Structures are given as structure tokens and as C-alpha cells.
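Heads up, the thing below is written out as C-alpha cells.
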Amino acid sequence: MLLFLSVPQPRPPGARTRAGAARVARWRWLRLQQLRRLRGLLRVLRGRPEAGTRRRGRMALCGQAAGAASLPSELIVHIFSFLPAPDRLRASASCSHWRECLFYPALWPQLRICLRVSPAEQPRLEFLMRKCGWFVRELHVEFAAENYLSGGGPGDGGGADTGTGGEEVEALQLSARWLEVLRTYLELVLCVLVSIRNNRNLQKFSLFGDISVLQQQGSLSNTYLSKVDPDGKKIKQIQQLFEEILSNSRQLKWLSCGFMLEIVTPTSLSSLSNAVASTMEHLSLLDNNIPGNSTLITAVELERFVNLHSLALDFCDFTAEMARVLTDSNHVPLQRLSLLVHSVSIMHKSLDNMPNDEHWKALSRKSTNLRVYIMAFDIKSEDMLKILKPSIPLERIHFDSYITCVSGAIVDLISRQYDKFLTHFILMNDVIDTSGFPDLSDNRNEDPLVLLAWRCTKLSLLAIHGYTVWAHNLIAIARLRGSDLKVLEVTEESIDFDQGELADQDVDPVHNLIEQGNRGTDVVSVRLPPDPSFKWYECCAFNVKGQSAIIK
């Protein structure tokens with residue numbers, strides 16, 4: 001009502017004649033009818049029925065009498081823009097008109113999808129991608145399987161006998177589950193790629209598979225993959241679709257593909273036009289399933305990407321020639337470099353071509369704000385000594401191992417060389433036997449982790465699992481860094497207590513540790529179950545902010 005009263009009304013034409021006066025009366029009557037109708041719509045939206053409608057019950061929200069369905073699409077879209085994604089989906093069930101307005105392109109410029117690798121997800125994913133795939137500008141898809149590698153679930157071999165033939169039965173059941181997971185995995189990836197193949201407005205595209213596929217089985221997944229796709233037709237189709245998406249893109253500035261099963265090939269990036277490659281700001285290729293010595297990107301190909309701000313690669317693919325290319329004057333300064341070091345990759349590729357300390361110095365001079373993240377899977381100490389050059393501006397490092405443990409000497413080296421840069425240090429040892437965790441402080445006067453906290457003044461996150469840490473050392477770490485240390489997370493089975501602390505039966509040693517370590521802060525936290533699900537790839541790329549559609 002205020003809208004109409006605040007706007008000066010134009011005088012109807014011919015108002016001074018008798019016929020004009022009749023037109024004025026007709027015009028005013030129409031305006032009054034429109035105003036009454038608008039009042040009725042506002043009452044409907046507020047849930048207040050008009051007088052005289054109580055006997056007939058509440059107005060149907062989408063009925064013809066109420067008129068909510070006749071609201072302009074622009075107004076419905078504007079109202080939907082204030083709702084989160086789950087509420088929009090619920091509101092779309094009201095009527096067909098609202099359902100059509102739900103997937104208006106302006107409402108879904110950014111889409112983040114978290115999927116379980118399950119056949120039940122496919123119909124919902126197909127529906128969502130069919131509606132949004134052709135216009136979405138920023139797409140982030142994460143495939144996260146839930147304990148599909150373990151045999152403890154129902155029907156997964158958890159109840160099999162361990163007697164004669166029990167292990168064979170359990171292995172067969174686990175094998176069947178692996179085959180089903182990979183079969184579903186391929187179908188879901190195909191669904192996503194098919195839906196965006198003709199999307200020319202795509203600006204950010206991120207695909208992430210479950211990291212445990214790479215961690216726990218390594219190249220074993222390729223054995224199951226050959227059983228699911230013996231002729232390789234689906235894999236070839238996926239690779240062709242991926243290249244088609246790259247060739248059709250006109251505005252792509254962000255491309256991330258990590259821990260997927262052979263989606264990216266050494267020829268994939270050649271599908272990008274020079275115009276798109278020259279404006280690309282982020283490139284992440286963390287696919288470790290490429291056999292032999294082949295690499296996903298070469299130094300010659302990297303020369304086209306002159307506007308890169310962040311880059312994520314396998315460490316063995318990041319050669320000295322690549323470091324030289326990034327120091328050229330036609331390249332913008334690199335801000336973030338994420339490197340994945342995996343034992344499988346080191347077995348097939350050589351470390352002889354990696355950058356030396358002089359290359360890192362030149363790269364740091366060119367990119368003064370450069371920060372490096374390193375993720376190491378089951379890397380031997382002698383290999384880490386080769387990799388950790390003194391001039392690397394290392395900000396975050398994450399060790400994760402199943403066989404090879406990190407030594408105290410490596411931790412001590414990191415604390416000495418990167419004391420000016422290091423902010424995140426994560427130490428994970430996912431062993432099955434928790435009775436004998438390695439102790440980094442063996443045969444040492446000082447615990448390497450305490451020295452790390454003392455030397456690295458910018459340390460803000462320290463997470464430990466699978467290594468023995470003494471309780472008094474944890475208290476020392478928390479007090480050394482104080483409020484600057486935002487997170488100190490240790491699993492309970494990793495903590496070892498002095499005999500005097502365990503002698504007092506009236507005091508819970510874990511509770512006492514947290515109280516003494518925090519001292520008015522919430523830095524120290526102790527987890528009972530190990531939490532190895534740290535999503536390192538989120539540290540390798542800037543977070544995709546925007547609307548989220550989480551399918552569960």
C-alpha cells in the first residue's frame with residue numbers, strides 16, 4: 001500500500017471532459033481493485049485469512065482463489081533468494097509454478113554437492129544435475145564413501161566365521177563390495193559430466209573422490225576397476241566427456257580434480273583453448289593413478305597458464321623446469337603451491353628432476369607471498385630428507401602413514417628449517433594395532449613436538465594420532481604457544497601418562513590434562529576414536545563459497 005501512495009499517480013488523459021471523467025472513474029476503480037487484490041495476497045503470505053473466509057477454511061496457498069500461484073515469477077525468485085537450499089527444495093513442493101521457479105538460474109550460481117557412493121544417490125543426483133547442470137557457474141562435487149572398505153558392516157563380511165574358509169569368504173564379500181562401489185562411482189561421475197558437457201558459463205569446476213581409495217588400497221583399485229570395466233569403455237567415455245567440458249568452456253578460471261580414478265589424462269589440458277588457459281587462476285591435478293612415468297601436465301603446457309595464483313600437483317610431476325617456468329616474467333606471482341608426495345608415485349617416478357634449493361630461492365623471490373602445502377603418504381625418511389629443501393616456504397605439512405612412520409629427526413628438521421612459515425602440522429599413523437605407537441622422543445633429551453611448538457612461532461594447528469605423546473609434553477606445547485595455537489588435537493590412545501598421574505583414582509587424567517593444557521582457552525581437545533578423515537584437499541584449494549545442496 002505504501003508503495004502506491006508514495007508514487008505520484010499520473011493524471012489520466014482527457015480528465016477535464018465528461019467522457020474523460022468517466023474514464024477517470026473507471027481507472028480509479030481498476031486501481032482500487034488491484035490494491036485490494038494485493039492486500040489479499042499479502043494476507044495470504046502472512047498467514048492471515050480475510051474476514052468471511054474462516055467458514056471455508058484457510059485459503060489454499062496455491063489455489064486460484066488465493067492467487068499465490070499468479071504471483072510473478074520474478075517475485076517468487078526474489079523471495080526464494082533469501083532461503084537456504086534445503087528450504088527452497090521444500091518450498092518447491094507447494095505447486096508446479098513454484099517448482100518451475102525453484103531452478104531459475106539466478107538462484108543457483110554456485111552448487112556444492114556431497115555424495116555418498118551409493119546406488120540410492122543416483123536418481124537424486126540425476127534430477128539435480130538435469131535441472132542445474134546446464135547453467136551453474138560454480139560446481140563442487142565430492143564423492144565420499146562411508147566405510148565401504150571395511151568388512152564390519154552388515155552384509156560386508158563382519159559376521160563371517162574366522163575358521164576354515166572364513167577368511168576366503170570375507171575376502172570374497174569385500175571384493176564384491178569393492179566392485180559395487182566402483183561401479184556406482186563410475187555411474188555417478190558419468191552423471192555429473194554428462195549434465196555439464198554443454199555448459200559454457202562454467203567458471204569453477206571441482207571434482208574430489210574419496211581419499212581412502214588412494215590411501216588404503218593404492219593401485220589395488222585398478223585391479224577392481226578392470227573387473228568393473230573390462231573393455232575400458234566407461235573410463236574412455238569419462239575421459240572424453242572431461243575433455244569435451246574443457247574444450248567447450250569459455251569462462252573457466254578454476255579447475256580441481258583430485259583422487260579420482262583416471263579422469264584426467266596427460267592430454268586433457270590440451271583441450272583448453274589458449275584464451276581460457278591464460279585466464280585460469282587455480283589448477284589442481286591430484287590424480288595418482290597415472291601409470292609409469294607419464295605426467296598430467298608438463299612444463300611446456302604450464303607456460304600457457306600465465307595467470308595462475310594456486311597450483312596443486314603430484315610432487316614427482318613438479319620438476320625443476322616447472323619451477324623455472326613459474327619464475328618467468330610473463331607469469332603472475334604464485335601464491336599457493338600444494339604438493340602430494342605418495343609412495344606409489346615415488347616407486348614409478350624419479351626424484352632426480354625435482355627443484356633444488358636454488359630453484360626454490362628463485363621462486364620465492366618471484367612470488368614473495370608464496371606458501372607451500374605438502375601431503376606425504378607413507379614416505380621413507382631418506383626420501384623426505386631429499387624433498388625438504390631449506391628454501392621451501394612451507395606453511396602446512398600433513399603426514400599420513402600405514403607402514404612407514406615419521407621419525408623424530410624429520411620433525412626436528414622441519415622445526416629448524418621452517419620456523420618462520422609453518423602454521424599447520426598434522427601427524428597421522430593409521431595402524432591397526434594400537435598397543436605400540438612409536439615414540440618420537442626416544443633417546444632424546446627434548447621431545448621434537450615440544451621443540452616444534454617452541455621454534456615455530458606461527459604454529460596454529462597441531463593434530464596427532466598414532467604416535468605416543470606424553471601428557472606433560474602436551475601441556476608444555478599448549479603453554480608455549482598460548483592463544484596463538486588455535487587447535488591442539490590428540491586422540492586419547494596416543495596419550496601416555498606418568499605413573500603419578502595414573503595413581504590418583506579420583507581424578508580423570510584426560511580431564512585433568514585438558515584443564516591444565518587449556519588454562520582459560522579451548523585449545524586442547526582429546527578424541528576417543530581416531531579421526532583420520534581430515535580433508536586435506538580443502539587446504540589445497542580455496543573454499544568454494546555459495547549455495548550448497550547436500551544429498552544424504
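Going through the C-alpha cells in order, the chains are called A, B, and so on, while each chain numbers its residues from 1 and the ligands are numbered from 1 in the order shown.
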
**OP:** With a distance cut-off of 8 Å and only C-alpha atoms, select the neighbouring residues of Thr327 of chain A, excluding the residue or stretch itself and same-chain residues fewer than 6 positions from it, and output the selection as a list in words.
**Re:**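 Final neighbour list, sorted by chain and number: Pro333, Ala362, Leu363, Lys366 and Ser367 of chain A.
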
Subject >> For Phe208 of chain A: contacts at 9 Å, only C-alpha atoms, fewer than 3 positions along chain excluded, given as a ChimeraX atom specification >> reply: /A:140-144,211,256-260,537

Subject >> Of the listed residues A:Trp178, A:Trp98, A:Trp108, A:Tyr467, that which approaches Pro84 of chain A most closely, counting only C-alpha atoms >> reply: A:Trp108

Counting only C-alpha atoms, give me one row per residue of segment 435-492 of chain A with an atom at most 8 Å from an atom of segment 388-409 of chain A, showing the shortest contact pair and its distance in Å to one decimal, sorted by chain then residue number, as a tab-separated table.
residue	atom	partner	partner_atom	distance
A:Pro438	CA	A:Cys405	CA	7.7
A:Leu440	CA	A:Gly408	CA	4.7
A:Ser441	CA	A:Gly408	CA	6.7
A:Pro448	CA	A:Gly408	CA	6.0

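Atom CA of Thr267 of chain A to atom CA of Leu339 of chain A spans 20.8 Å [interatomic distance, one decimal].
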
Original post:
Quick one: of A:Ser294, A:Leu102, A:Arg88, A:Ser118, who's nearest to Ser73 of chain A, counting only C-alpha atoms?
Top reply: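 For Ser73 of chain A, the nearest of the given residues is A:Leu102.
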
Subject >> Nearest to Leu202 of chain A by atom-to-atom distance, counting only C-alpha atoms, from A:Gln237, A:Asn429, A:Ser268, A:Gln110 >> reply: A:Gln110

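Take atom CA of Asp496 of chain A and atom CA of Phe377 of chain A: the distance between them is 25.4 Å.
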
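Using only C-alpha atoms, the smallest distance between any of A:Thr295, A:Gln239, A:Ser92, A:Asn473 and Ser271 of chain A comes from A:Gln239.
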
**OP:** Write out as a ChimeraX atom specification the residues lying within 10 Å of Asp412 of chain A, counting only C-alpha atoms and excluding same-chain residues fewer than 5 positions away.
**Re:** /A:407,417,440,447-452,455
